[in-house]
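Shown next: target.txt, containing compact mmCIF, C-alpha atoms.
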# COMPACT_ATOMS: atom_id res chain seq x y z
CA MET Y 242 31.43 -11.50 7.91
CA ARG Y 243 31.36 -9.47 4.67
CA PHE Y 244 27.84 -8.55 3.60
CA ALA Y 245 26.60 -7.53 0.18
CA ASP Y 246 27.26 -3.90 -0.69
CA ARG Y 247 23.58 -3.34 -1.51
CA LEU Y 248 22.65 -3.74 2.17
CA SER Y 249 24.33 -0.42 2.87
CA GLN Y 250 21.53 1.27 0.89
CA VAL Y 251 18.74 0.19 3.28
CA GLU Y 252 17.94 0.18 6.98
CA THR Y 253 15.49 -1.56 9.29
CA SER Y 254 11.90 -0.38 8.93
CA ALA Y 255 11.17 2.52 11.26
CA ILE Y 256 7.66 1.15 11.67
CA ARG Y 257 8.90 -2.28 12.74
CA GLU Y 258 11.17 -0.61 15.27
CA LEU Y 259 8.23 1.40 16.61
CA PHE Y 260 6.23 -1.79 17.13
CA LYS Y 261 8.74 -2.84 19.78
CA LEU Y 262 7.32 -0.06 21.96
CA LEU Y 263 3.74 -1.19 21.57
CA GLY Y 264 4.04 -4.07 24.00
CA GLN Y 265 3.82 -1.59 26.84
CA PRO Y 266 0.57 -2.02 28.79
CA GLY Y 267 -2.20 0.39 27.94
CA ILE Y 268 -0.76 1.75 24.68
CA ILE Y 269 -3.40 2.75 22.12
CA SER Y 270 -1.85 2.15 18.74
CA LEU Y 271 -2.75 4.38 15.83
CA ALA Y 272 0.50 3.21 14.22
CA GLY Y 273 -0.05 -0.12 12.50
CA GLY Y 274 -1.17 -0.61 8.93
CA PHE Y 275 -2.89 -3.93 9.59
CA PRO Y 276 -6.52 -4.72 8.80
CA ASP Y 277 -8.65 -5.55 11.83
CA ALA Y 278 -8.47 -9.32 12.46
CA ALA Y 279 -11.91 -9.15 14.09
CA LEU Y 280 -13.34 -8.35 10.65
CA PHE Y 281 -11.86 -11.36 8.85
CA ASP Y 282 -14.43 -13.70 7.30
CA VAL Y 283 -13.13 -16.65 9.31
CA GLU Y 284 -16.09 -18.90 8.55
CA GLY Y 285 -15.85 -18.21 4.84
CA ILE Y 286 -12.11 -18.86 4.76
CA ARG Y 287 -12.50 -22.03 6.84
CA ALA Y 288 -15.15 -23.35 4.47
CA ALA Y 289 -13.00 -22.44 1.47
CA SER Y 290 -10.00 -24.28 2.87
CA GLU Y 291 -12.13 -27.36 3.54
CA ARG Y 292 -13.43 -27.26 -0.04
CA ALA Y 293 -9.87 -26.92 -1.33
CA LEU Y 294 -8.87 -30.09 0.52
CA SER Y 295 -11.96 -32.05 -0.42
CA THR Y 296 -12.11 -30.96 -4.08
CA ASP Y 297 -8.50 -31.58 -5.12
CA PRO Y 298 -6.25 -32.29 -2.14
CA ALA Y 299 -3.28 -33.32 -4.27
CA ALA Y 300 -3.24 -29.99 -6.09
CA ALA Y 301 -3.72 -28.02 -2.86
CA LEU Y 302 -0.87 -29.75 -1.03
CA GLN Y 303 1.63 -30.43 -3.82
CA TYR Y 304 4.22 -28.23 -5.51
CA GLY Y 305 2.65 -25.96 -8.11
CA ALA Y 306 3.36 -23.83 -11.14
CA THR Y 307 5.48 -20.75 -10.53
CA GLU Y 308 2.95 -18.67 -12.48
CA GLY Y 309 0.24 -19.61 -10.00
CA TYR Y 310 -2.57 -22.07 -9.35
CA GLN Y 311 -4.67 -21.95 -12.51
CA PRO Y 312 -8.12 -21.87 -10.83
CA LEU Y 313 -6.97 -18.87 -8.77
CA ARG Y 314 -5.58 -17.09 -11.82
CA GLU Y 315 -8.98 -17.57 -13.43
CA GLN Y 316 -10.78 -16.19 -10.38
CA LEU Y 317 -8.44 -13.19 -10.18
CA ALA Y 318 -8.98 -12.42 -13.87
CA ALA Y 319 -12.72 -12.54 -13.25
CA LEU Y 320 -12.32 -10.31 -10.18
CA MET Y 321 -10.46 -7.75 -12.27
CA ALA Y 322 -13.10 -7.97 -15.01
CA GLY Y 323 -15.70 -7.07 -12.38
CA LYS Y 324 -13.70 -3.89 -11.75
CA GLY Y 325 -13.81 -2.88 -15.41
CA VAL Y 326 -10.57 -4.43 -16.67
CA GLN Y 327 -11.24 -5.58 -20.22
CA GLY Y 328 -9.70 -8.58 -21.95
CA LEU Y 329 -7.46 -9.78 -19.12
CA ALA Y 330 -6.70 -13.48 -19.60
CA PRO Y 331 -5.54 -15.60 -16.64
CA GLU Y 332 -2.23 -16.10 -18.44
CA GLN Y 333 -1.61 -12.35 -18.31
CA LEU Y 334 -1.12 -12.38 -14.54
CA ILE Y 335 1.03 -14.31 -12.10
CA VAL Y 336 0.25 -15.04 -8.46
CA THR Y 337 2.78 -13.68 -5.96
CA THR Y 338 3.37 -14.11 -2.25
CA GLY Y 339 1.62 -10.88 -1.38
CA SER Y 340 1.90 -7.76 -3.51
CA GLN Y 341 5.21 -7.08 -1.75
CA GLN Y 342 6.74 -9.92 -3.77
CA ALA Y 343 5.32 -8.38 -6.93
CA LEU Y 344 7.21 -5.18 -6.11
CA ASP Y 345 10.35 -7.17 -5.39
CA LEU Y 346 10.07 -8.94 -8.74
CA ILE Y 347 9.69 -5.58 -10.47
CA GLY Y 348 12.85 -4.43 -8.73
CA LYS Y 349 14.73 -7.56 -9.75
CA THR Y 350 13.65 -7.44 -13.38
CA LEU Y 351 13.88 -3.70 -14.08
CA ILE Y 352 16.37 -1.99 -11.75
CA SER Y 353 20.10 -1.90 -12.34
CA PRO Y 354 22.32 -0.04 -9.84
CA GLY Y 355 22.09 3.67 -10.51
CA ASP Y 356 18.79 3.54 -12.39
CA LYS Y 357 16.39 6.35 -11.59
CA VAL Y 358 12.88 5.52 -10.36
CA ILE Y 359 10.17 8.06 -9.61
CA VAL Y 360 7.98 7.48 -6.54
CA GLU Y 361 5.39 9.61 -4.80
CA GLY Y 362 6.35 11.75 -1.84
CA PRO Y 363 5.27 10.33 0.56
CA THR Y 364 5.01 6.70 -0.51
CA PHE Y 365 4.88 3.13 0.81
CA LEU Y 366 7.93 2.61 3.03
CA ALA Y 367 8.61 -0.98 1.91
CA THR Y 368 8.76 0.19 -1.71
CA ILE Y 369 11.50 2.68 -0.85
CA GLN Y 370 13.47 -0.07 0.88
CA CYS Y 371 12.89 -2.62 -1.89
CA PHE Y 372 13.90 -0.41 -4.79
CA ARG Y 373 16.93 0.95 -2.93
CA LEU Y 374 18.05 -2.61 -2.23
CA TYR Y 375 18.45 -3.07 -5.99
CA GLY Y 376 20.39 0.16 -6.31
CA ALA Y 377 17.74 2.57 -7.54
CA GLN Y 378 18.17 6.32 -7.26
CA LEU Y 379 14.74 7.46 -6.10
CA ILE Y 380 13.19 10.70 -7.34
CA THR Y 381 10.14 12.12 -5.55
CA ALA Y 382 7.02 13.43 -7.29
CA PRO Y 383 4.80 15.58 -5.04
CA ILE Y 384 1.20 14.64 -4.30
CA ASP Y 385 -1.88 16.34 -2.91
CA ALA Y 386 -5.37 15.12 -1.99
CA ASP Y 387 -6.01 14.34 -5.69
CA GLY Y 388 -2.90 12.22 -6.01
CA VAL Y 389 0.32 12.80 -7.90
CA ASP Y 390 0.93 16.22 -9.46
CA VAL Y 391 0.94 15.10 -13.11
CA GLN Y 392 2.42 18.34 -14.41
CA ARG Y 393 5.35 17.98 -12.04
CA LEU Y 394 5.59 14.26 -12.85
CA GLU Y 395 5.88 15.06 -16.56
CA ALA Y 396 8.71 17.50 -15.86
CA LEU Y 397 10.53 14.92 -13.72
CA ILE Y 398 10.20 12.27 -16.43
CA ALA Y 399 11.63 14.67 -19.00
CA GLU Y 400 14.51 15.57 -16.69
CA HIS Y 401 15.45 12.14 -15.34
CA ARG Y 402 14.20 9.58 -17.91
CA PRO Y 403 13.37 7.08 -15.14
CA LYS Y 404 13.28 3.31 -15.54
CA PHE Y 405 9.70 3.46 -14.30
CA VAL Y 406 7.24 5.41 -12.12
CA TYR Y 407 5.62 3.88 -9.02
CA LEU Y 408 2.14 5.12 -7.99
CA VAL Y 409 -0.53 4.13 -5.45
CA PRO Y 410 -3.58 5.81 -7.04
CA SER Y 411 -6.28 4.81 -4.54
CA PHE Y 412 -6.04 5.64 -0.80
CA GLY Y 413 -2.29 5.22 -0.69
CA ASN Y 414 -0.21 4.23 2.30
CA PRO Y 415 0.52 6.61 3.97
CA SER Y 416 -1.11 9.53 2.17
CA GLY Y 417 -4.69 8.28 1.78
CA ALA Y 418 -4.75 10.30 -1.45
CA LEU Y 419 -7.13 9.44 -4.27
CA LEU Y 420 -5.85 10.10 -7.79
CA SER Y 421 -8.61 11.86 -9.70
CA LEU Y 422 -10.10 10.43 -12.89
CA GLU Y 423 -8.71 13.30 -14.95
CA ARG Y 424 -5.22 12.76 -13.56
CA ARG Y 425 -5.44 9.00 -14.15
CA ARG Y 426 -6.10 9.57 -17.84
CA ARG Y 427 -3.23 12.05 -18.01
CA VAL Y 428 -0.87 9.54 -16.37
CA LEU Y 429 -1.73 6.92 -19.02
CA GLU Y 430 -1.29 9.43 -21.82
CA LEU Y 431 2.04 10.50 -20.31
CA ALA Y 432 3.25 6.90 -20.05
CA LEU Y 433 2.39 6.27 -23.70
CA ARG Y 434 3.86 9.53 -24.98
CA THR Y 435 7.14 9.18 -23.08
CA GLN Y 436 7.25 5.35 -23.20
CA THR Y 437 7.73 5.25 -19.44
CA PRO Y 438 6.47 2.18 -17.53
CA ILE Y 439 3.98 2.95 -14.76
CA VAL Y 440 3.68 0.61 -11.77
CA GLU Y 441 0.19 0.80 -10.27
CA ASP Y 442 -0.01 -0.60 -6.74
CA ASP Y 443 -3.64 -1.14 -5.70
CA PRO Y 444 -4.02 -2.86 -2.31
CA TYR Y 445 -6.61 -0.39 -0.94
CA GLY Y 446 -8.91 0.40 -3.88
CA ASP Y 447 -11.75 -1.77 -2.57
CA LEU Y 448 -11.75 -0.10 0.86
CA TYR Y 449 -13.84 2.93 -0.09
CA PHE Y 450 -16.37 4.58 2.22
CA GLY Y 451 -18.88 6.17 -0.13
CA ALA Y 452 -18.70 6.17 -3.89
CA ALA Y 453 -16.22 3.80 -5.48
CA PRO Y 454 -12.94 5.38 -6.63
CA PRO Y 455 -12.31 6.01 -10.33
CA PRO Y 456 -11.38 2.91 -12.35
CA SER Y 457 -7.85 1.66 -11.92
CA LEU Y 458 -5.21 2.65 -14.42
CA LEU Y 459 -5.41 -0.93 -15.67
CA ALA Y 460 -9.15 -0.57 -16.33
CA LEU Y 461 -8.75 2.88 -17.89
CA SER Y 462 -5.96 1.67 -20.19
CA ALA Y 463 -8.66 0.49 -22.62
CA GLU Y 464 -9.49 4.17 -23.23
CA VAL Y 465 -5.87 5.09 -24.09
CA ALA Y 466 -4.84 2.78 -26.90
CA GLY Y 467 -1.37 1.35 -26.38
CA SER Y 468 -1.03 2.44 -22.76
CA ARG Y 469 -1.37 -1.08 -21.36
CA ASP Y 470 1.99 -1.90 -22.95
CA TRP Y 471 3.54 0.51 -20.44
CA LEU Y 472 1.51 -0.50 -17.39
CA LEU Y 473 2.26 -2.90 -14.54
CA HIS Y 474 -0.47 -3.58 -11.97
CA CYS Y 475 0.00 -5.06 -8.48
CA GLY Y 476 -3.04 -6.43 -6.67
CA SER Y 477 -3.52 -8.03 -3.26
CA LEU Y 478 -6.05 -9.87 -1.11
CA SER Y 479 -4.21 -8.92 2.11
CA LYS Y 480 -6.25 -5.85 3.05
CA VAL Y 481 -9.61 -7.12 1.74
CA LEU Y 482 -9.54 -10.80 2.77
CA SER Y 483 -6.57 -11.80 4.93
CA PRO Y 484 -2.86 -10.92 4.95
CA GLY Y 485 -2.11 -14.38 6.33
CA LEU Y 486 -2.97 -15.98 3.01
CA ARG Y 487 -0.17 -13.92 1.36
CA ILE Y 488 -1.95 -13.72 -1.99
CA GLY Y 489 -1.00 -11.00 -4.44
CA TRP Y 490 -0.71 -10.80 -8.19
CA LEU Y 491 1.13 -8.99 -10.94
CA VAL Y 492 -0.25 -7.98 -14.33
CA ALA Y 493 2.43 -6.91 -16.80
CA PRO Y 494 3.43 -7.05 -20.47
CA PRO Y 495 4.33 -10.63 -21.55
CA GLU Y 496 8.09 -10.15 -21.80
CA LEU Y 497 8.35 -8.65 -18.32
CA LEU Y 498 6.00 -11.26 -16.87
CA ALA Y 499 8.22 -14.04 -18.23
CA LYS Y 500 11.26 -12.48 -16.56
CA ALA Y 501 9.35 -12.13 -13.30
CA VAL Y 502 8.37 -15.81 -13.40
CA MET Y 503 12.02 -16.75 -13.88
CA CYS Y 504 13.07 -14.65 -10.89
CA LYS Y 505 10.25 -16.06 -8.77
CA GLN Y 506 11.51 -19.57 -9.53
CA PHE Y 507 14.80 -18.62 -7.89
CA SER Y 508 13.19 -17.25 -4.72
CA ASP Y 509 10.22 -19.37 -3.64
CA ALA Y 510 9.40 -21.68 -6.60
CA HIS Y 511 5.73 -20.80 -6.16
CA THR Y 512 3.29 -19.19 -3.76
CA SER Y 513 1.71 -21.64 -1.30
CA THR Y 514 -0.62 -23.87 -3.30
CA PHE Y 515 -2.82 -24.45 -0.26
CA ALA Y 516 -3.27 -20.70 0.24
CA GLN Y 517 -3.96 -20.27 -3.47
CA ALA Y 518 -6.49 -23.09 -3.55
CA THR Y 519 -8.21 -21.65 -0.48
CA ALA Y 520 -8.36 -18.20 -2.06
CA ALA Y 521 -9.69 -19.65 -5.31
CA GLN Y 522 -12.49 -21.46 -3.48
CA TYR Y 523 -13.31 -18.33 -1.48
CA LEU Y 524 -13.58 -16.13 -4.54
CA GLN Y 525 -15.61 -18.76 -6.38
CA GLY Y 526 -17.96 -18.95 -3.40
CA GLY Y 527 -18.98 -15.32 -3.91
CA ARG Y 528 -18.56 -14.11 -0.31
CA LEU Y 529 -16.09 -11.31 -0.97
CA ALA Y 530 -18.64 -8.63 -1.87
CA ALA Y 531 -20.59 -9.06 1.38
CA ALA Y 532 -17.39 -9.21 3.44
CA LEU Y 533 -16.15 -5.99 1.85
CA ALA Y 534 -19.48 -4.26 2.48
CA ARG Y 535 -19.19 -5.01 6.21
CA VAL Y 536 -15.57 -3.90 6.40
CA ARG Y 537 -16.25 -0.62 4.59
CA VAL Y 538 -18.92 0.38 7.11
CA VAL Y 539 -16.62 -0.24 10.09
CA TYR Y 540 -13.61 1.53 8.61
CA ALA Y 541 -15.74 4.47 7.48
CA GLU Y 542 -17.06 4.94 11.04
CA ARG Y 543 -13.55 4.77 12.49
CA ALA Y 544 -12.14 7.17 9.91
CA GLN Y 545 -14.90 9.63 10.74
CA ALA Y 546 -14.28 9.23 14.47
CA LEU Y 547 -10.55 9.86 14.06
CA GLY Y 548 -11.07 12.93 11.88
CA ALA Y 549 -13.63 14.40 14.25
CA ALA Y 550 -11.42 13.78 17.29
CA LEU Y 551 -8.39 15.38 15.63
CA ARG Y 552 -10.38 18.48 14.74
CA SER Y 553 -11.87 18.70 18.23
CA GLU Y 554 -8.76 17.98 20.30
CA LEU Y 555 -5.93 19.42 18.21
CA GLY Y 556 -7.75 22.11 16.24
CA ALA Y 557 -5.50 24.42 14.24
CA ALA Y 558 -2.38 22.57 15.39
CA ILE Y 559 -3.00 19.84 12.81
CA ASP Y 560 -4.01 19.82 9.14
CA PHE Y 561 -5.30 16.86 7.14
CA VAL Y 562 -7.71 15.79 4.41
CA GLN Y 563 -10.47 13.43 5.54
CA PRO Y 564 -9.85 10.18 3.63
CA GLN Y 565 -12.46 8.65 1.34
CA GLY Y 566 -11.12 5.14 1.87
CA GLY Y 567 -8.16 3.05 2.96
CA LEU Y 568 -6.73 2.70 6.46
CA PHE Y 569 -4.95 5.99 7.18
CA ILE Y 570 -5.13 9.68 7.88
CA TRP Y 571 -2.06 11.59 6.74
CA ALA Y 572 -1.63 14.76 8.75
CA ARG Y 573 0.71 17.68 9.16
CA LEU Y 574 1.54 19.56 12.34
CA THR Y 575 1.13 23.28 11.70
CA GLY Y 576 2.88 24.66 14.76
CA ALA Y 577 -0.11 26.94 15.41
CA GLY Y 578 0.08 28.69 18.74
CA GLY Y 579 3.63 27.53 19.24
CA ALA Y 580 2.65 23.83 19.34
CA CYS Y 581 5.13 21.13 18.35
CA ALA Y 582 5.67 20.85 14.59
CA ASP Y 583 8.12 17.92 14.68
CA GLY Y 584 6.47 14.55 14.06
CA GLN Y 585 9.37 12.54 15.47
CA ALA Y 586 9.50 14.55 18.70
CA LEU Y 587 5.74 14.30 19.13
CA ALA Y 588 5.84 10.54 18.53
CA GLN Y 589 8.23 10.09 21.44
CA ARG Y 590 6.09 12.21 23.76
CA ALA Y 591 2.93 10.45 22.58
CA VAL Y 592 4.23 7.04 23.64
CA GLN Y 593 4.86 8.49 27.10
CA GLN Y 594 1.18 9.52 27.14
CA GLY Y 595 0.06 6.02 26.05
CA VAL Y 596 -0.63 6.49 22.34
CA ALA Y 597 1.45 5.65 19.26
CA PHE Y 598 1.53 6.82 15.66
CA VAL Y 599 4.14 6.79 12.89
CA PRO Y 600 6.04 10.02 12.15
CA GLY Y 601 6.09 10.90 8.47
CA ARG Y 602 9.82 11.04 7.82
CA PRO Y 603 10.36 7.35 6.79
CA PHE Y 604 7.75 7.62 4.03
CA TYR Y 605 9.85 10.05 2.00
CA ALA Y 606 12.56 8.85 -0.35
CA CYS Y 607 14.18 12.28 -0.07
CA ASP Y 608 13.52 15.75 1.37
CA PRO Y 609 11.11 14.59 4.11
CA ASP Y 610 8.51 16.90 5.61
CA LEU Y 611 9.33 16.43 9.30
CA ALA Y 612 5.99 17.88 10.40
CA THR Y 613 4.01 14.98 8.94
CA LEU Y 614 2.56 11.89 10.60
CA ARG Y 615 0.48 8.82 9.75
CA LEU Y 616 -2.46 7.75 11.90
CA SER Y 617 -4.25 4.44 11.34
CA PHE Y 618 -7.85 3.89 12.38
CA ALA Y 619 -8.04 0.28 11.18
CA THR Y 620 -7.74 -1.70 14.41
CA VAL Y 621 -9.11 0.70 17.05
CA ASP Y 622 -12.79 1.22 17.82
CA ALA Y 623 -14.30 4.70 17.98
CA GLU Y 624 -14.15 4.98 21.78
CA ARG Y 625 -10.44 4.13 21.93
CA ILE Y 626 -9.78 6.39 18.95
CA ARG Y 627 -11.22 9.33 20.91
CA GLU Y 628 -9.17 8.41 23.98
CA GLY Y 629 -6.05 7.98 21.84
CA VAL Y 630 -6.45 11.42 20.29
CA ALA Y 631 -7.04 12.92 23.75
CA ARG Y 632 -3.70 11.43 24.79
CA LEU Y 633 -2.14 12.81 21.62
CA ALA Y 634 -3.45 16.27 22.54
CA ARG Y 635 -1.86 15.92 25.98
CA ALA Y 636 1.44 14.98 24.34
CA LEU Y 637 1.20 18.02 22.09
CA LYS Y 638 0.47 20.24 25.08
CA ALA Y 639 3.37 18.73 27.02
CA GLY Y 640 5.68 19.48 24.11
CA TRP Y 641 4.42 23.04 23.91
CA GLU Y 642 4.96 23.60 27.64
CA ALA Y 643 8.42 22.03 27.43
CA GLY Y 644 9.29 24.37 24.57
CA ARG Y 645 8.31 27.43 26.67
CA LYS Y 646 10.64 26.54 29.50
As structure tokens, the full file:
Amino acid sequence: MRFADRLSQVETSAIRELFKLLGQPGIISLAGGFPDAALFDVEGIRAASERALSTDPAAALQYGATEGYQPLREQLAALMAGKGVQGLAPEQLIVTTGSQQALDLIGKTLISPGDKVIVEGPTFLATIQCFRLYGAQLITAPIDADGVDVQRLEALIAEHRPKFVYLVPSFGNPSGALLSLERRRRVLELALRTQTPIVEDDPYGDLYFGAAPPPSLLALSAEVAGSRDWLLHCGSLSKVLSPGLRIGWLVAPPELLAKAVMCKQFSDAHTSTFAQATAAQYLQGGRLAAALARVRVVYAERAQALGAALRSELGAAIDFVQPQGGLFIWARLTGAGGACADGQALAQRAVQQGVAFVPGRPFYACDPDLATLRLSFATVDAERIREGVARLARALKAGWEAGRK
């Protein structure tokens, strides 16, 4: 069978392949990027689904508009207004089947084979795969704990004239980085000055542990006149409510939004109306704030437990910035004392010791730092986190001893 040429540009997710190993008994997984199912507001979602069926069952169970279920679009616009986004009408967003579909629609509508796209290094693995599927040439902008290096980003834009720039400003997957307020303003000014579209992906912004992060680029765009014309925003309920609902949304300039709706018609016609009606009822019911407050406390405790265990068990052999939110710690093996500095090699030894994580290589579009790794604290309680890191330390020691022989 002859497959499409574009499939030669992508490969199976390294993370999905790793999950095949996690069925082994006794494995402690620090690998997955899932929210903890034990924290889902099951009662609230059940009640919302019952209200959706009792209030307007025909609308909840019938085909719907490609743009999205209107009551949900209204609730999402109100949700964004509560986060400081000014003047966003429901008609200025479309509902997507998770934010992943929003990224796919951006790829379909903007990328022609050979187009250059700037992404962070590291960045969300599925974004790399998605944009490459449409033939993009990916350029990497470096990041640190304060997010993308805007000075370097400006130089890359001037050099490559990309079709657009993709950023995850708040607690990104995998980096956990938080783009500072000053850098956010500079990004908007840069987009306006160079007329370069910026894609803001924001699935983790509500999962903060202390103070809330700076306003989103979409919210800040009111301070930089004209910048919203160059801004696309992807939102999601997957990490804050439930990934099973598959509810995301895309905010974009009208012309692009119209093209995205057309492409969505070709793929799924519309996002599940029942899921949308359920989400609309849930948001209208006002339970999200309390649910988020509970989730933040749990994730903050687990993040602290993971950071403390890494410092205690691995010491100078590992370097990381304690995250202020999200689901991940992004770390780098230093090789101190002759310890292993290869994330892939350590990952293999770690599974043998009964713990799993994701090596950093797949999260780079180019020039990967092979010493990096991603650790997730989302689904493991503090006691198992400490045991998992102890196993990781044993794997590191085993690698060091093997290297001496």
> From the list Y:Gln593, Y:Thr350, Y:Ser553, Y:Thr368, which residue is nearest Y:Leu498 when using all atoms listed in the file?
Replying inline: Y:Thr350
At most 12 Å is the cut-off: for each residue in stretch 312-403 of chain Y with any atom that close to an atom of stretch 528-551 of chain Y, write down the nearest atom pair and the distance in Å rounded to one decimal, counting all atoms listed in the file, chain first then increasing number, as CSV.
residue,atom,partner,partner_atom,distance
Y:Gln316,CA,Y:Leu529,CA,11.9
Y:Leu320,CA,Y:Leu529,CA,10.0
Y:Gly323,CA,Y:Ala530,CA,11.0
For the selection just defined, write its residues with C-alpha atoms to a file, as a PDB file, in the coordinates of the input.
ATOM      1  CA  GLN Y 316     -10.780 -16.190 -10.380  1.00  0.00           C
ATOM      2  CA  LEU Y 320     -12.320 -10.310 -10.180  1.00  0.00           C
ATOM      3  CA  GLY Y 323     -15.700  -7.070 -12.380  1.00  0.00           C
TER       4      GLY Y 323
END
>> One decimal, in Å: what's the spacing between atom CA of Y:Leu461 and atom CA of Y:Leu419?
In response: 15.2 Å
> Residues at most 12 Å from Y:Ala245, counting only C-alpha atoms, excluding those fewer than 4 positions away in the same chain, as a PyMOL selection string?
Replying inline: chain Y and resi 249-251+374-376
>> Could you tell me how far atom CA of Y:Asp277 sits from atom CA of Y:Thr613, in Å to one decimal place?
In response: 24.3 Å
> Near Y:Ala510, counting all atoms listed in the file, which residues have an atom at most 12 Å away, once you skip same-chain residues fewer than 2 positions from it, shown as a PyMOL selection string?
Replying inline: chain Y and resi 304-309+336-338+501-508+512-514
Prev. selection, C-alpha atoms, output as a PDB file, keeping the file's coordinate frame:
ATOM      1  CA  TYR Y 304       4.220 -28.230  -5.510  1.00  0.00           C
ATOM      2  CA  GLY Y 305       2.650 -25.960  -8.110  1.00  0.00           C
ATOM      3  CA  ALA Y 306       3.360 -23.830 -11.140  1.00  0.00           C
ATOM      4  CA  THR Y 307       5.480 -20.750 -10.530  1.00  0.00           C
ATOM      5  CA  GLU Y 308       2.950 -18.670 -12.480  1.00  0.00           C
ATOM      6  CA  GLY Y 309       0.240 -19.610 -10.000  1.00  0.00           C
ATOM      7  CA  VAL Y 336       0.250 -15.040  -8.460  1.00  0.00           C
ATOM      8  CA  THR Y 337       2.780 -13.680  -5.960  1.00  0.00           C
ATOM      9  CA  THR Y 338       3.370 -14.110  -2.250  1.00  0.00           C
ATOM     10  CA  ALA Y 501       9.350 -12.130 -13.300  1.00  0.00           C
ATOM     11  CA  VAL Y 502       8.370 -15.810 -13.400  1.00  0.00           C
ATOM     12  CA  MET Y 503      12.020 -16.750 -13.880  1.00  0.00           C
ATOM     13  CA  CYS Y 504      13.070 -14.650 -10.890  1.00  0.00           C
ATOM     14  CA  LYS Y 505      10.250 -16.060  -8.770  1.00  0.00           C
ATOM     15  CA  GLN Y 506      11.510 -19.570  -9.530  1.00  0.00           C
ATOM     16  CA  PHE Y 507      14.800 -18.620  -7.890  1.00  0.00           C
ATOM     17  CA  SER Y 508      13.190 -17.250  -4.720  1.00  0.00           C
ATOM     18  CA  THR Y 512       3.290 -19.190  -3.760  1.00  0.00           C
ATOM     19  CA  SER Y 513       1.710 -21.640  -1.300  1.00  0.00           C
ATOM     20  CA  THR Y 514      -0.620 -23.870  -3.300  1.00  0.00           C
TER      21      THR Y 514
END
>> Measuring between only C-alpha atoms, which one of Y:Ser340, Y:Glu315, Y:Leu524, Y:Arg632 shows the shortest distance to Y:Leu482?
In response: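 Comparing Y:Ser340, Y:Glu315, Y:Leu524, Y:Arg632 against Y:Leu482, the winner is Y:Leu524.
Excluding Y:Ala606 and any residue on its chain fewer than 3 positions from it, the residues at most 8 Å away by only C-alpha atoms are Val360, Gly362, Pro363, Thr364, Ile369, Leu379, Ile380, Thr381, Pro603 and Pro609 of chain Y.
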